[in-house]
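This is my_file19.cif. It holds mmCIF, C-alpha atoms.
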```cif
data_data
#
loop_
_atom_site.label_atom_id
_atom_site.label_comp_id
_atom_site.auth_asym_id
_atom_site.auth_seq_id
_atom_site.Cartn_x
_atom_site.Cartn_y
_atom_site.Cartn_z
CA MET I 27 37.14 88.39 65.62
CA THR I 28 39.66 90.59 67.39
CA TYR I 29 41.72 89.21 70.26
CA ILE I 30 43.61 91.22 72.79
CA GLN I 31 47.22 90.15 72.78
CA ASN I 32 48.34 88.78 76.10
CA HIS I 33 51.69 90.44 76.91
CA ASN I 34 52.28 88.26 79.96
CA ASP I 35 52.14 85.13 77.79
CA ASN I 36 54.66 86.62 75.37
CA ARG I 37 56.97 87.61 78.19
CA GLY I 38 56.71 84.15 79.77
CA ARG I 39 57.50 82.50 76.45
CA SER I 40 60.47 84.79 75.97
CA TYR I 41 61.75 84.00 79.48
CA ARG I 42 61.36 80.26 78.85
CA LYS I 43 63.18 80.49 75.53
CA SER I 44 66.09 82.41 77.11
CA GLY I 45 66.07 79.92 79.98
CA TYR I 46 66.49 77.01 77.58
CA ILE I 47 69.34 78.76 75.78
CA VAL I 48 71.11 79.49 79.06
CA PHE I 49 70.56 75.92 80.26
CA ILE I 50 72.13 74.53 77.09
CA LEU I 51 75.04 76.97 77.49
CA ILE I 52 75.58 75.85 81.10
CA VAL I 53 75.58 72.19 80.02
CA ILE I 54 78.09 72.92 77.23
CA ILE I 55 80.37 74.86 79.61
CA ILE I 56 80.24 72.15 82.29
CA ALA I 57 80.87 69.40 79.71
CA PHE I 58 83.79 71.39 78.29
CA ARG I 59 85.22 71.91 81.76
CA ILE I 60 84.86 68.24 82.75
CA PHE I 61 85.88 66.50 79.53
CA MET I 62 88.47 68.96 78.22
CA PRO I 63 89.77 70.73 81.34
CA ASN I 64 93.26 71.30 79.97
CA VAL I 65 91.96 73.19 76.94
CA THR I 66 90.14 75.84 78.98
CA SER I 67 92.93 76.02 81.54
CA GLY I 68 95.62 76.42 78.89
CA PHE I 69 93.64 79.01 76.99
CA PHE I 70 92.81 81.26 79.95
CA THR I 71 96.25 80.87 81.54
CA ALA I 72 97.88 81.97 78.27
CA ILE I 73 95.73 85.13 78.37
CA ALA I 74 96.43 85.84 82.05
CA ARG I 75 100.17 85.06 82.03
CA PRO I 76 101.42 88.39 80.57
CA PHE I 77 99.42 90.31 83.19
CA TRP I 78 100.79 88.10 85.97
CA ARG I 79 104.32 88.63 84.68
CA ILE I 80 103.86 92.42 84.68
CA GLU I 81 102.46 92.33 88.21
CA PHE I 82 105.36 90.17 89.34
CA SER I 83 107.86 92.57 87.76
CA ILE I 84 106.24 95.57 89.46
CA ASN I 85 106.13 93.83 92.84
CA ASN I 86 109.79 92.91 92.55
CA GLY I 87 110.88 96.41 91.64
CA GLN I 88 112.00 95.56 88.14
CA LEU I 89 110.42 98.77 86.84
CA ARG I 90 112.50 101.21 88.92
CA SER I 91 114.72 104.09 87.83
CA ASN I 92 118.25 103.51 86.52
CA GLU I 93 119.83 105.36 89.45
CA GLN I 94 117.96 103.25 91.97
CA LEU I 95 118.87 100.09 90.14
CA LEU I 96 122.57 101.08 90.09
CA ASN I 97 122.53 101.75 93.84
CA ASP I 98 120.83 98.43 94.46
CA ASN I 99 123.33 96.77 92.21
CA GLN I 100 126.25 98.16 94.22
CA GLU I 101 124.64 97.11 97.48
CA LEU I 102 123.94 93.64 96.16
CA LEU I 103 127.49 93.26 94.86
CA ARG I 104 128.81 94.11 98.31
CA LYS I 105 126.48 91.55 99.90
CA LEU I 106 127.43 89.03 97.25
CA GLU I 107 131.10 89.28 98.19
CA ILE I 108 130.25 88.51 101.81
CA ARG I 109 128.02 85.62 100.77
CA ASP I 110 130.72 84.30 98.44
CA VAL I 111 133.00 83.72 101.40
CA GLU I 112 130.22 81.96 103.29
CA LEU I 113 129.27 79.96 100.24
CA LYS I 114 132.75 78.61 99.79
CA SER I 115 132.63 76.90 103.17
CA THR I 116 129.10 75.62 102.43
CA ALA I 117 130.21 74.37 99.02
CA LEU I 118 132.92 72.37 100.73
CA LEU I 119 130.33 70.71 102.94
CA VAL I 120 128.02 70.05 99.97
CA ASP I 121 130.87 68.45 98.04
CA GLU I 122 131.74 66.35 101.01
CA ASN I 123 128.07 65.34 101.39
CA GLU I 124 127.80 64.38 97.71
CA GLU I 125 131.05 62.49 97.92
CA LEU I 126 129.86 60.51 100.92
CA LYS I 127 126.52 59.81 99.23
CA SER I 128 128.22 58.64 96.05
CA LEU I 129 130.48 56.41 98.14
CA LEU I 130 127.35 54.90 99.62
CA GLY I 131 125.69 54.62 96.21
CA ARG I 132 123.10 57.33 96.92
CA ALA I 133 124.32 60.16 94.70
CA SER I 134 121.77 62.83 93.87
CA SER I 135 120.77 62.84 90.21
CA THR I 136 118.05 65.47 90.47
CA LYS I 137 117.91 68.79 88.67
CA ASN I 138 116.44 71.93 90.21
CA ILE I 139 114.80 74.73 88.26
CA LEU I 140 114.06 78.15 89.71
CA ALA I 141 110.51 79.45 89.20
CA ALA I 142 108.72 82.69 89.99
CA VAL I 143 105.45 82.46 91.92
CA LEU I 144 102.82 84.28 89.87
CA GLN I 145 99.80 83.60 92.08
CA ARG I 146 99.57 82.19 95.59
CA PRO I 147 97.07 81.79 98.43
CA PRO I 148 95.01 83.53 99.70
CA ILE I 149 94.53 85.23 96.32
CA ALA I 150 93.64 81.85 94.89
CA VAL I 151 90.90 80.11 96.85
CA TYR I 152 92.41 76.78 96.00
CA ASP I 153 95.44 76.06 98.17
CA GLU I 154 97.91 76.17 95.33
CA LEU I 155 100.51 78.26 93.55
CA VAL I 156 100.84 79.24 89.93
CA ILE I 157 104.48 79.31 88.80
CA ASP I 158 106.00 80.71 85.62
CA ILE I 159 107.51 77.54 84.16
CA GLY I 160 105.75 74.63 82.56
CA ALA I 161 106.17 72.19 79.72
CA ASP I 162 108.78 74.56 78.22
CA MET I 163 111.15 73.58 81.03
CA GLY I 164 110.27 69.91 80.88
CA LEU I 165 108.28 69.69 84.10
CA SER I 166 106.14 66.65 84.75
CA ASP I 167 103.24 65.81 87.05
CA GLY I 168 104.33 65.03 90.57
CA ASP I 169 107.62 66.99 90.51
CA ILE I 170 108.32 68.22 94.04
CA VAL I 171 108.44 71.98 94.64
CA TYR I 172 110.71 73.47 97.30
CA ALA I 173 110.85 76.87 98.94
CA ALA I 174 114.05 78.42 100.25
CA HIS I 175 116.23 76.24 102.50
CA ASN I 176 115.00 73.04 100.81
CA VAL I 177 111.58 73.16 102.43
CA PRO I 178 109.24 70.91 100.41
CA ILE I 179 105.96 72.74 99.93
CA GLY I 180 104.02 70.98 97.19
CA LYS I 181 103.96 69.08 93.96
CA ILE I 182 103.21 69.90 90.34
CA VAL I 183 99.68 68.94 89.36
CA ASP I 184 98.87 70.78 86.13
CA ILE I 185 101.27 71.82 83.43
CA SER I 186 100.58 74.35 80.70
CA ALA I 187 103.01 75.53 78.05
CA HIS I 188 104.55 78.30 80.19
CA THR I 189 102.93 77.93 83.61
CA SER I 190 102.22 75.18 86.12
CA LYS I 191 100.03 74.75 89.16
CA VAL I 192 101.53 73.56 92.41
CA LEU I 193 99.25 71.75 94.82
CA LEU I 194 100.50 72.58 98.29
CA PHE I 195 101.09 69.71 100.69
CA SER I 196 99.01 71.68 103.15
CA SER I 197 95.92 71.57 100.90
CA PRO I 198 92.92 70.36 102.90
CA GLY I 199 92.62 66.59 102.84
CA GLN I 200 96.13 65.88 101.51
CA SER I 201 98.06 63.42 103.69
CA TYR I 202 101.77 62.61 103.86
CA ASN I 203 104.10 60.51 105.98
CA VAL I 204 106.31 62.52 108.30
CA PHE I 205 108.73 62.12 111.18
CA ILE I 206 108.06 64.22 114.27
CA GLY I 207 110.25 65.25 117.15
CA LYS I 208 113.65 64.25 118.40
CA SER I 209 112.71 60.57 118.46
CA ASN I 210 111.48 60.71 114.82
CA ILE I 211 107.98 59.40 115.49
CA ALA I 212 106.39 58.23 112.23
CA ALA I 213 102.97 59.75 111.63
CA THR I 214 100.59 60.85 108.89
CA ALA I 215 100.22 64.61 108.50
CA ILE I 216 96.95 65.93 107.13
CA GLY I 217 96.80 69.29 105.38
CA ARG I 218 94.56 71.98 106.86
CA GLY I 219 95.21 74.69 104.27
CA GLY I 220 97.42 77.77 104.36
CA GLY I 221 100.62 75.92 105.26
CA GLN I 222 99.07 74.28 108.33
CA TYR I 223 99.01 70.56 109.14
CA SER I 224 97.65 68.32 111.88
CA VAL I 225 98.77 64.93 113.15
CA GLU I 226 97.07 62.51 115.54
CA LEU I 227 99.52 60.94 117.99
CA PRO I 228 99.18 58.84 121.14
CA ARG I 229 99.33 60.99 124.25
CA SER I 230 102.44 59.18 125.38
CA ALA I 231 104.37 60.43 122.30
CA ASP I 232 107.35 62.57 123.17
CA VAL I 233 106.52 65.69 121.18
CA SER I 234 106.73 69.27 122.34
CA GLN I 235 106.25 72.75 120.91
CA GLY I 236 109.06 73.79 118.56
CA ASP I 237 109.97 70.24 117.56
CA HIS I 238 110.98 69.70 113.97
CA VAL I 239 108.93 67.72 111.47
CA SER I 240 110.70 66.12 108.52
CA ILE I 241 109.77 63.90 105.59
CA PRO I 242 111.26 60.48 105.00
CA SER I 243 113.99 61.15 102.43
CA MET I 244 117.74 61.07 102.08
CA ARG I 245 117.87 64.84 102.23
CA GLY I 246 116.06 64.98 105.58
CA ASN I 247 114.21 68.12 104.60
CA LEU I 248 112.61 70.23 107.29
CA TYR I 249 108.89 70.01 106.65
CA GLY I 250 107.44 71.97 109.55
CA ILE I 251 107.71 73.12 113.13
CA VAL I 252 105.29 72.02 115.84
CA GLY I 253 103.19 75.03 116.82
CA SER I 254 100.80 73.64 119.41
CA ILE I 255 99.51 70.40 120.88
CA ILE I 256 95.85 69.92 121.69
CA ALA I 257 95.44 67.26 124.35
CA ASP I 258 92.15 66.21 125.92
CA PRO I 259 92.75 64.44 129.28
CA SER I 260 89.94 61.99 128.54
CA ALA I 261 91.25 61.05 125.07
CA THR I 262 94.02 58.61 124.26
CA PHE I 263 95.24 60.67 121.33
CA GLU I 264 96.44 64.24 121.05
CA THR I 265 96.39 66.51 118.02
CA VAL I 266 99.70 68.04 117.06
CA LEU I 267 99.43 71.15 114.92
CA PHE I 268 102.43 72.21 112.92
CA SER I 269 103.12 74.67 110.15
CA ALA I 270 105.64 75.04 107.36
CA PRO I 271 108.79 76.89 108.46
CA ILE I 272 108.27 79.42 105.66
CA ASN I 273 105.31 81.72 105.05
CA ILE I 274 103.58 80.49 101.91
CA TYR I 275 101.70 83.79 101.64
CA GLN I 276 105.00 85.58 101.00
CA LEU I 277 106.60 83.16 98.56
CA LYS I 278 108.17 84.85 95.54
CA TRP I 279 110.48 82.15 94.27
CA VAL I 280 110.45 78.39 94.48
CA TYR I 281 112.43 75.69 92.80
CA VAL I 282 111.20 72.53 91.19
CA GLU I 283 113.05 69.29 91.50
CA LYS I 284 112.74 67.42 88.22
CA LYS I 285 112.37 63.70 88.47
CA MET Y 26 70.48 100.41 74.09
CA ILE Y 27 74.09 101.29 73.28
CA PHE Y 28 74.55 102.59 76.81
CA LYS Y 29 73.32 99.27 78.20
CA PHE Y 30 75.64 97.34 75.90
CA LEU Y 31 78.60 99.54 76.86
CA ARG Y 32 77.78 99.14 80.54
CA ARG Y 33 77.72 95.38 80.08
CA ILE Y 34 81.13 95.45 78.37
CA ILE Y 35 82.55 97.58 81.21
CA PHE Y 36 81.24 95.07 83.76
CA ASP Y 37 82.76 92.21 81.72
CA VAL Y 38 86.17 93.88 81.60
CA ALA Y 39 86.03 94.67 85.33
CA ILE Y 40 85.20 91.04 86.17
CA LEU Y 41 87.95 89.75 83.90
CA ALA Y 42 90.48 92.14 85.45
CA CYS Y 43 89.50 91.05 88.96
CA LEU Y 44 89.79 87.39 88.00
CA VAL Y 45 93.24 87.79 86.46
CA GLN Y 46 94.34 89.65 89.58
CA GLY Y 47 92.93 86.84 91.70
CA TRP Y 48 90.46 89.13 93.50
CA TRP Y 49 87.65 86.56 93.43
CA TYR Y 50 85.62 88.40 96.07
CA ALA Y 51 85.66 91.62 94.03
CA ALA Y 52 84.83 89.69 90.84
CA LEU Y 53 81.91 88.03 92.62
CA ILE Y 54 80.47 91.34 93.86
CA VAL Y 55 80.80 93.00 90.44
CA ALA Y 56 79.30 89.93 88.74
CA VAL Y 57 76.32 89.84 91.10
CA ILE Y 58 75.64 93.55 90.53
CA ALA Y 59 75.96 93.06 86.78
CA ALA Y 60 73.68 90.01 86.83
CA TRP Y 61 71.07 92.00 88.71
CA ASN Y 62 71.20 94.85 86.22
CA HIS Y 63 71.36 92.89 82.98
CA LYS Y 64 69.15 90.36 81.36
CA MET Y 65 70.57 86.82 81.14
CA TYR Y 66 74.03 87.72 82.35
CA VAL Y 67 75.77 84.52 81.22
CA GLU Y 68 79.15 86.15 81.79
CA LEU Y 69 78.63 85.21 85.44
CA ILE Y 70 78.91 81.53 84.53
CA ILE Y 71 81.83 82.18 82.20
CA ALA Y 72 83.55 84.01 85.08
CA GLY Y 73 83.24 80.87 87.18
CA LEU Y 74 84.71 78.82 84.37
CA ILE Y 75 87.63 81.25 83.98
CA TYR Y 76 88.33 81.23 87.72
CA ASP Y 77 88.43 77.43 87.88
CA SER Y 78 90.54 77.26 84.73
CA LEU Y 79 93.07 79.76 86.07
CA TYR Y 80 93.41 78.60 89.65
CA GLY Y 81 91.76 75.19 89.99
CA PRO Y 82 93.73 71.94 89.79
CA VAL Y 83 92.26 70.62 86.55
CA SER Y 84 93.88 67.19 86.67
CA MET Y 85 91.92 66.31 89.80
CA ASN Y 86 88.48 66.01 88.30
CA ASN Y 87 86.10 66.14 91.22
CA MET Y 88 83.50 68.53 92.57
CA THR Y 89 85.97 70.46 94.72
CA THR Y 90 87.87 71.60 91.65
CA HIS Y 91 84.77 73.30 90.22
CA ILE Y 92 83.98 75.60 93.15
CA GLY Y 93 83.91 78.75 91.00
CA LEU Y 94 81.65 77.30 88.32
CA THR Y 95 79.29 75.74 90.86
CA ILE Y 96 78.93 78.97 92.86
CA CYS Y 97 78.37 81.01 89.69
CA VAL Y 98 75.71 78.67 88.29
CA VAL Y 99 73.87 78.66 91.63
CA LEU Y 100 74.11 82.47 91.83
CA PHE Y 101 72.92 82.82 88.24
CA ILE Y 102 69.82 80.71 88.91
CA LEU Y 103 69.13 82.39 92.27
CA ILE Y 104 69.42 85.90 90.85
CA GLY Y 105 67.19 84.93 87.91
CA ILE Y 106 64.48 83.61 90.25
CA MET Y 107 64.76 86.59 92.63
CA LYS Y 108 64.52 89.07 89.77
CA LYS Y 109 61.45 87.33 88.41
CA VAL Y 110 59.71 87.17 91.80
CA ILE Y 111 60.47 90.77 92.79
CA ARG Y 112 59.55 92.22 89.39
CA MET Y 113 56.31 90.24 89.27
CA ARG Y 114 55.30 91.71 92.65
CA GLU Y 115 56.09 95.20 91.42
#
```
Any chance you could put this one into structure tokens?
Amino acid sequence: MTYIQNHNDNRGRSYRKSGYIVFILIVIIIAFRIFMPNVTSGFFTAIARPFWRIEFSINNGQLRSNEQLLNDNQELLRKLEIRDVELKSTALLVDENEELKSLLGRASSTKNILAAVLQRPPIAVYDELVIDIGADMGLSDGDIVYAAHNVPIGKIVDISAHTSKVLLFSSPGQSYNVFIGKSNIAATAIGRGGGQYSVELPRSADVSQGDHVSIPSMRGNLYGIVGSIIADPSATFETVLFSAPINIYQLKWVYVEKK
Amino acid sequence: MIFKFLRRIIFDVAILACLVQGWWYAALIVAVIAAWNHKMYVELIIAGLIYDSLYGPVSMNNMTTHIGLTICVVLFILIGIMKKVIRMRE
């Protein structure tokens, strides 16, 4: 007997077979990602790092002509001389501060390391930074990361050989204790993403726009500046919105405070 | 056949470049186009894995740290179903 071959059946079988293969692949990938996350992260970051470094160098003008670099050098030297004078007076104050702290038994024993920001929001969907130092510089989980002027912006969460990820304090859902306003009202700030935070305070709290927000520490770091206050006359609480004093979308350099 | 294979490689490189640059939106568009034009485009899922590995906080193992992979798996399945339905009608 002769049978006519059913092409639809063959195609269906082929689809099913490919479907099973893909399903198994998905399961393997998900298992790999969940049970060995550092392996995939380390591997792909090692591949991406050279490209990020090149991009960073281009963005920072490190690939410019010799003449341009010489001119910039001269200009920077001139600025450096001016800053040197300013720095000397600041250094005096820093020394005095350290001296007073050591007298009170609170001397600073921390070490700061400068790091270049390779990736930052909004390029990365996750509210975090990728910096160019990692285990090679002895970083550890939870090290605090500061922007210019000692503004704390996040903490180290993942460390690869030569890069690390910094989870920003403003990441959605993250909460931290802060002091707000001139009367240092203690409150819990909740991250809203993109360097923005919100705090719930009683309506009677003495907080106004432009007030400073700091974190409880010896250094009294500026954490944010109150941007707006949302008050509903029928509610007993008001929502204070504040943002970091620096623009996290423009960060090029940060420094990490080693524990 | 070779043209198809080459086209697939070009798509792969383009997606990888977009991911390294952090242009997730561009990577997503290119990946969707590629998945529509190629059979079993598993690179879409791998792209999600790469994105999460590069930018996701891996030490915090919860669903929110697998956004890329989740979106890509969902897209992969959706595109597969849509392709099947549309081509069956044709």
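Within 12 Å of stretch 76-91 of chain I, once all atoms listed in the file are used and residues closer than 5 positions along the same chain are dropped, the contacting residues are Phe70, Thr71, Leu96, Asn97, Asp98, Ala141, Ala142, Val143, Leu144, Gln145, Arg146, Val156, Ile157, Asp158, Ile159, His188, Thr189, Gln276, Leu277, Lys278 and Trp279 of chain I; Leu41, Ala42, Cys43, Leu44, Val45, Gln46, Gly47 and Leu79 of chain Y.
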What residues in chain Y lie within 10 Å of chain I, counting only C-alpha atoms, written as an mmCIF file with C-alpha atoms, in the frame of the given file?
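Output file selection.cif is given in full below:
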```
data_model
loop_
_atom_site.group_PDB
_atom_site.id
_atom_site.type_symbol
_atom_site.label_atom_id
_atom_site.label_comp_id
_atom_site.auth_asym_id
_atom_site.auth_seq_id
_atom_site.Cartn_x
_atom_site.Cartn_y
_atom_site.Cartn_z
ATOM 1 C CA LEU Y 41 87.950 89.750 83.900
ATOM 2 C CA ALA Y 42 90.480 92.140 85.450
ATOM 3 C CA LEU Y 44 89.790 87.390 88.000
ATOM 4 C CA VAL Y 45 93.240 87.790 86.460
ATOM 5 C CA GLN Y 46 94.340 89.650 89.580
ATOM 6 C CA GLY Y 47 92.930 86.840 91.700
ATOM 7 C CA TRP Y 48 90.460 89.130 93.500
ATOM 8 C CA TRP Y 49 87.650 86.560 93.430
ATOM 9 C CA TYR Y 50 85.620 88.400 96.070
ATOM 10 C CA LYS Y 64 69.150 90.360 81.360
ATOM 11 C CA MET Y 65 70.570 86.820 81.140
ATOM 12 C CA TYR Y 66 74.030 87.720 82.350
ATOM 13 C CA VAL Y 67 75.770 84.520 81.220
ATOM 14 C CA ILE Y 70 78.910 81.530 84.530
ATOM 15 C CA ILE Y 71 81.830 82.180 82.200
ATOM 16 C CA LEU Y 74 84.710 78.820 84.370
ATOM 17 C CA ILE Y 75 87.630 81.250 83.980
ATOM 18 C CA TYR Y 76 88.330 81.230 87.720
ATOM 19 C CA ASP Y 77 88.430 77.430 87.880
ATOM 20 C CA SER Y 78 90.540 77.260 84.730
ATOM 21 C CA LEU Y 79 93.070 79.760 86.070
ATOM 22 C CA TYR Y 80 93.410 78.600 89.650
ATOM 23 C CA GLY Y 81 91.760 75.190 89.990
ATOM 24 C CA PRO Y 82 93.730 71.940 89.790
ATOM 25 C CA VAL Y 83 92.260 70.620 86.550
ATOM 26 C CA SER Y 84 93.880 67.190 86.670
ATOM 27 C CA MET Y 85 91.920 66.310 89.800
ATOM 28 C CA ASN Y 86 88.480 66.010 88.300
ATOM 29 C CA ASN Y 87 86.100 66.140 91.220
ATOM 30 C CA MET Y 88 83.500 68.530 92.570
ATOM 31 C CA THR Y 89 85.970 70.460 94.720
ATOM 32 C CA THR Y 90 87.870 71.600 91.650
ATOM 33 C CA HIS Y 91 84.770 73.300 90.220
ATOM 34 C CA ILE Y 92 83.980 75.600 93.150
ATOM 35 C CA GLY Y 93 83.910 78.750 91.000
ATOM 36 C CA LEU Y 94 81.650 77.300 88.320
ATOM 37 C CA THR Y 95 79.290 75.740 90.860
ATOM 38 C CA VAL Y 98 75.710 78.670 88.290
ATOM 39 C CA PHE Y 101 72.920 82.820 88.240
ATOM 40 C CA ILE Y 102 69.820 80.710 88.910
ATOM 41 C CA GLY Y 105 67.190 84.930 87.910
ATOM 42 C CA LYS Y 109 61.450 87.330 88.410
#
```
Using all atoms listed in the file, the residue out of Y:His63, Y:Val110, Y:Gly73, Y:Phe28 with shortest distance to Y:Ile40 is Y:Gly73
Once the PyMOL selection byres ((chain I and resi 172-174) around 9) has been applied to the shown file, what residues remain in the selection, as a ChimeraX atom specification? /I:170-171,175-181,272,274,277,279-283
As an exercise, work out the distance from atom CA of I:Ala231 to atom CA of I:Ser197 in Å and give it to one decimal place.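 Here the two named atoms are 25.6 Å from each other.
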Convert the output of the PyMOL selection byres ((chain I and resi 161) around 7) on the shown file into explicit residues, formatted as a PyMOL selection string. chain I and resi 160+162-165+185-188
Take the PyMOL selection byres ((chain I and resi 265) around 10), run it mentally on this structure, and tell me the resulting residues as number ranges by chain. I: 224-229, 254-258, 263-264, 266-268
Produce a file of the selected residues containing C-alpha atoms, as a PDB file, in the coordinates of the input.
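Contents of part35.pdb, freshly written:
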```pdb
ATOM      1  CA  SER I 224      97.650  68.320 111.880  1.00  0.00           C
ATOM      2  CA  VAL I 225      98.770  64.930 113.150  1.00  0.00           C
ATOM      3  CA  GLU I 226      97.070  62.510 115.540  1.00  0.00           C
ATOM      4  CA  LEU I 227      99.520  60.940 117.990  1.00  0.00           C
ATOM      5  CA  PRO I 228      99.180  58.840 121.140  1.00  0.00           C
ATOM      6  CA  ARG I 229      99.330  60.990 124.250  1.00  0.00           C
ATOM      7  CA  SER I 254     100.800  73.640 119.410  1.00  0.00           C
ATOM      8  CA  ILE I 255      99.510  70.400 120.880  1.00  0.00           C
ATOM      9  CA  ILE I 256      95.850  69.920 121.690  1.00  0.00           C
ATOM     10  CA  ALA I 257      95.440  67.260 124.350  1.00  0.00           C
ATOM     11  CA  ASP I 258      92.150  66.210 125.920  1.00  0.00           C
ATOM     12  CA  PHE I 263      95.240  60.670 121.330  1.00  0.00           C
ATOM     13  CA  GLU I 264      96.440  64.240 121.050  1.00  0.00           C
ATOM     14  CA  VAL I 266      99.700  68.040 117.060  1.00  0.00           C
ATOM     15  CA  LEU I 267      99.430  71.150 114.920  1.00  0.00           C
ATOM     16  CA  PHE I 268     102.430  72.210 112.920  1.00  0.00           C
TER      17      PHE I 268
END
```
d(atom CA of Y:Ala59, atom CA of Y:Ile35) in Å: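 Taking atom CA of Y:Ala59 as the start and atom CA of Y:Ile35 as the end point, the length is 9.7 Å.
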Spatial sel., origin (76.5, 91.6, 90.8), limit 12 Å, all atoms listed in the file, listed as an MDAnalysis selection string: chainID Y and resid 33 36:37 39:40 50:63 66:69 72 97 100:101 103:105
One number please: atom CA of I:Lys137 to atom CA of I:Gly220, in Å, one decimal. 27.3 Å
